[in-house]
Amino acid sequence: MTMLRTFAASAALALGLSPAAQAVDLEFYFPVAIGGPATQIIDELVADYTAVTPGVKISAIYAGSYPDTLARAITASRGGNPPQLAILDAPDLFTLLDEELILPWDDFLTEEEMKTWVGGFFPAFMQNSQTEGKTWGIPFQRSTPVIYWNKDAFKAAGLDPEVGPDTWDEMVEMGKKLTLRDASGKVTQWGVRIPAQSLWLPSGLVAANGGEMSSEDGTQAYFNTPETIGAVEFLAALSREHGVMEPGVIDWGATPRAFLDGQAAIIWTTTGNLTNIRKNATFPFGVGMLPAKVRRGAPTGGGNFYLFKGASEEQLAEAVKFVKWATAPAQAAKWSIATGYVAPRPEVWETEVMKEYVKEVPGAVVARDQLQYTIRQFSTYDVLQVSKAFNDNVAAVLNGEKSAAQAMADAQAAADAILAAYRK
């Protein structure tokens, strides 16, 4: 037995795992929203678990992006063949409830387990995991957005390479020094890159501007507010007024590559890209919290484990055991180190392996420490359509077709029309 298997076996014994009373097959959907070896690590975790629980077979199915995985789970459930378990975007909670697809974890846990296990996750991650007094999601590949900066680019611009921007104003001023042009005037390096094709990173601007973006019960979107309008205005001003960011809507997926290729000196992206950037950057880089405006703020992000209806009692019991095992310190540490996602329980950070990792990669603690400033990740019923109303209108602002005020009024009207059916 390898050292890894021995470690897994020890963890299994500590959690009271034992061979299944009868053969149990589980189907498990998961997405990958970042670069790096996430799929490989999921496969390794599944193999480690099944190695110490004879009789259990888990089919881990990579289902694409978060939206792709949600669509596949809904389609499979409607067709009478749901997975027993899936990792889905935390804001998908209200959609899953509306579709009546998932089960609360409370039904499968003792009062003591609810207190010690569920109660042991960072509170910030539970904001998108609980509603109406029940726990519907278990945090796993959770995140916050952070900034990364190229220290060599900072040094070349006469900036302190060890200090990233702490405020919006500092980001603009640094961005001006970091934006480089060739003899023809073409930009060869942008100072700042904030992907705005999805709502997540703009919501970090809203948080820093003192706002929230959705209600706790999922029935209200807060688009037409001074905080949101001001955030969208600033986003547009980075290119239109300050000239430090590429004009138009910037692609999310291409942002880490743009950073690695020297096309942008400061980027906003998920902490889940930390390992990807660390392994591929040919230059030293810094990691920092999102810059503040009226306050420091950021949204939480990432995926939760969900239990699906339609499974047998044996399958559900085994699914719960697997998730408890996967979120235990040994496995959560392995996942966090391999991907850059935030280990979702404080106890994970107290393990020796995480302490050693933090010594080697101090930037790993930035997202964890930022949790004290986070707001709930945007989540409503029919979240894809509501988010689309926001994203389309932000694109109109960035493309010069609307003012921020008009765009957010239009986004609010569209959101209200969608969410009216869910308000009591």
# chains A, B, ... in the order shown; residues from 1 in each chain; ligands from 1

$ residues_around --residues "region 355-368 of chain A" --least-positions-apart "5" --cutoff "8 Å" --atoms "only C-alpha atoms" --output "ChimeraX atom specification"
/A:143-146,271,274,286-289,337,340,342-343,349-350

$ write_last_selection --atoms "N, CA, C and O atoms" --output "tab-separated table (two decimals), in the first residue's frame"
chain	number	residue	atom	x	y	z
A	143	SER	N	-14.30	29.73	-2.95
A	143	SER	CA	-13.29	30.71	-3.35
A	143	SER	C	-13.72	32.12	-2.99
A	143	SER	O	-14.86	32.37	-2.57
A	144	THR	N	-12.82	33.04	-3.17
A	144	THR	CA	-13.12	34.46	-3.32
A	144	THR	C	-12.25	34.96	-4.47
A	144	THR	O	-11.21	34.36	-4.76
A	145	PRO	N	-12.64	36.03	-5.14
A	145	PRO	CA	-11.73	36.62	-6.11
A	145	PRO	C	-10.61	37.35	-5.39
A	145	PRO	O	-10.81	37.89	-4.30
A	146	VAL	N	-9.44	37.35	-5.99
A	146	VAL	CA	-8.29	38.08	-5.45
A	146	VAL	C	-7.61	38.78	-6.63
A	146	VAL	O	-7.95	38.55	-7.79
A	271	THR	N	-9.21	32.84	-6.54
A	271	THR	CA	-8.09	32.21	-5.84
A	271	THR	C	-7.91	30.78	-6.33
A	271	THR	O	-6.84	30.19	-6.17
A	274	LEU	N	-4.83	30.03	-8.27
A	274	LEU	CA	-3.53	30.24	-7.65
A	274	LEU	C	-2.51	29.18	-8.07
A	274	LEU	O	-1.37	29.51	-8.45
A	286	GLY	N	2.53	38.71	-6.93
A	286	GLY	CA	1.91	38.93	-5.63
A	286	GLY	C	0.43	38.57	-5.67
A	286	GLY	O	-0.18	38.52	-6.75
A	287	VAL	N	-0.14	38.33	-4.51
A	287	VAL	CA	-1.57	38.03	-4.36
A	287	VAL	C	-2.13	38.96	-3.30
A	287	VAL	O	-1.51	39.11	-2.23
A	288	GLY	N	-3.26	39.59	-3.58
A	288	GLY	CA	-3.83	40.52	-2.60
A	288	GLY	C	-5.34	40.49	-2.59
A	288	GLY	O	-5.98	39.95	-3.50
A	289	MET	N	-5.90	41.08	-1.54
A	289	MET	CA	-7.35	41.23	-1.47
A	289	MET	C	-7.82	42.24	-2.51
A	289	MET	O	-7.04	43.06	-3.00
A	337	ILE	N	-4.38	22.65	-1.85
A	337	ILE	CA	-3.01	22.82	-2.32
A	337	ILE	C	-2.93	22.57	-3.82
A	337	ILE	O	-2.21	23.27	-4.55
A	340	GLY	N	-5.79	25.68	-5.32
A	340	GLY	CA	-5.81	27.07	-4.90
A	340	GLY	C	-7.13	27.47	-4.28
A	340	GLY	O	-7.26	28.57	-3.72
A	342	VAL	N	-10.08	27.72	-1.51
A	342	VAL	CA	-9.94	27.94	-0.07
A	342	VAL	C	-10.39	26.70	0.69
A	342	VAL	O	-11.54	26.26	0.54
A	343	ALA	N	-9.51	26.13	1.49
A	343	ALA	CA	-9.93	25.04	2.37
A	343	ALA	C	-11.07	25.56	3.23
A	343	ALA	O	-10.91	26.57	3.93
A	349	TRP	N	-6.63	24.37	8.05
A	349	TRP	CA	-5.48	25.27	8.05
A	349	TRP	C	-4.52	24.99	9.21
A	349	TRP	O	-3.40	25.51	9.22
A	350	GLU	N	-4.97	24.18	10.17
A	350	GLU	CA	-4.12	23.83	11.30
A	350	GLU	C	-3.32	22.56	11.07
A	350	GLU	O	-2.53	22.17	11.93

$ residues_around --residues "Glu313 (chain A)" --least-positions-apart "3" --cutoff "12 Å" --atoms "only C-alpha atoms" --output "ChimeraX atom specification"
/A:22,24-26,84,107-108,307-310,316-320

$ select_by_dssp --residues "region 107-306 of chain A" --states "helix (DSSP H, G or I)" --output "ChimeraX atom specification"
/A:107-108,111-116,118-120,123-126,151-156,168-178,200-208,226-240,255-260,271-280

$ residues_around --residues "Phe305 (chain A)" --least-positions-apart "6" --cutoff "12 Å" --atoms "only C-alpha atoms" --output "NGL selection string"
:A and (28-31 or 83-90 or 92-93 or 102-105 or 128-129 or 135-142 or 319-320 or 322-324 or 326-327)

$ residues_around --residues "Thr339 (chain A)" --least-positions-apart "5" --cutoff "12 Å" --atoms "only C-alpha atoms" --output "list in words"
Val32, Ala33, Ile34, Gly35, Gly36, Pro37, Ala38, Thr39, Gln40, Ile41, Ile42, Phe140, Gln141, Arg142, Ser143, Thr270, Thr271, Gly272, Asn273, Leu274, Thr275, Asn276, Ile277, Arg278, Lys279, Ala332, Ala333, Lys334 and Ala364 of chain A
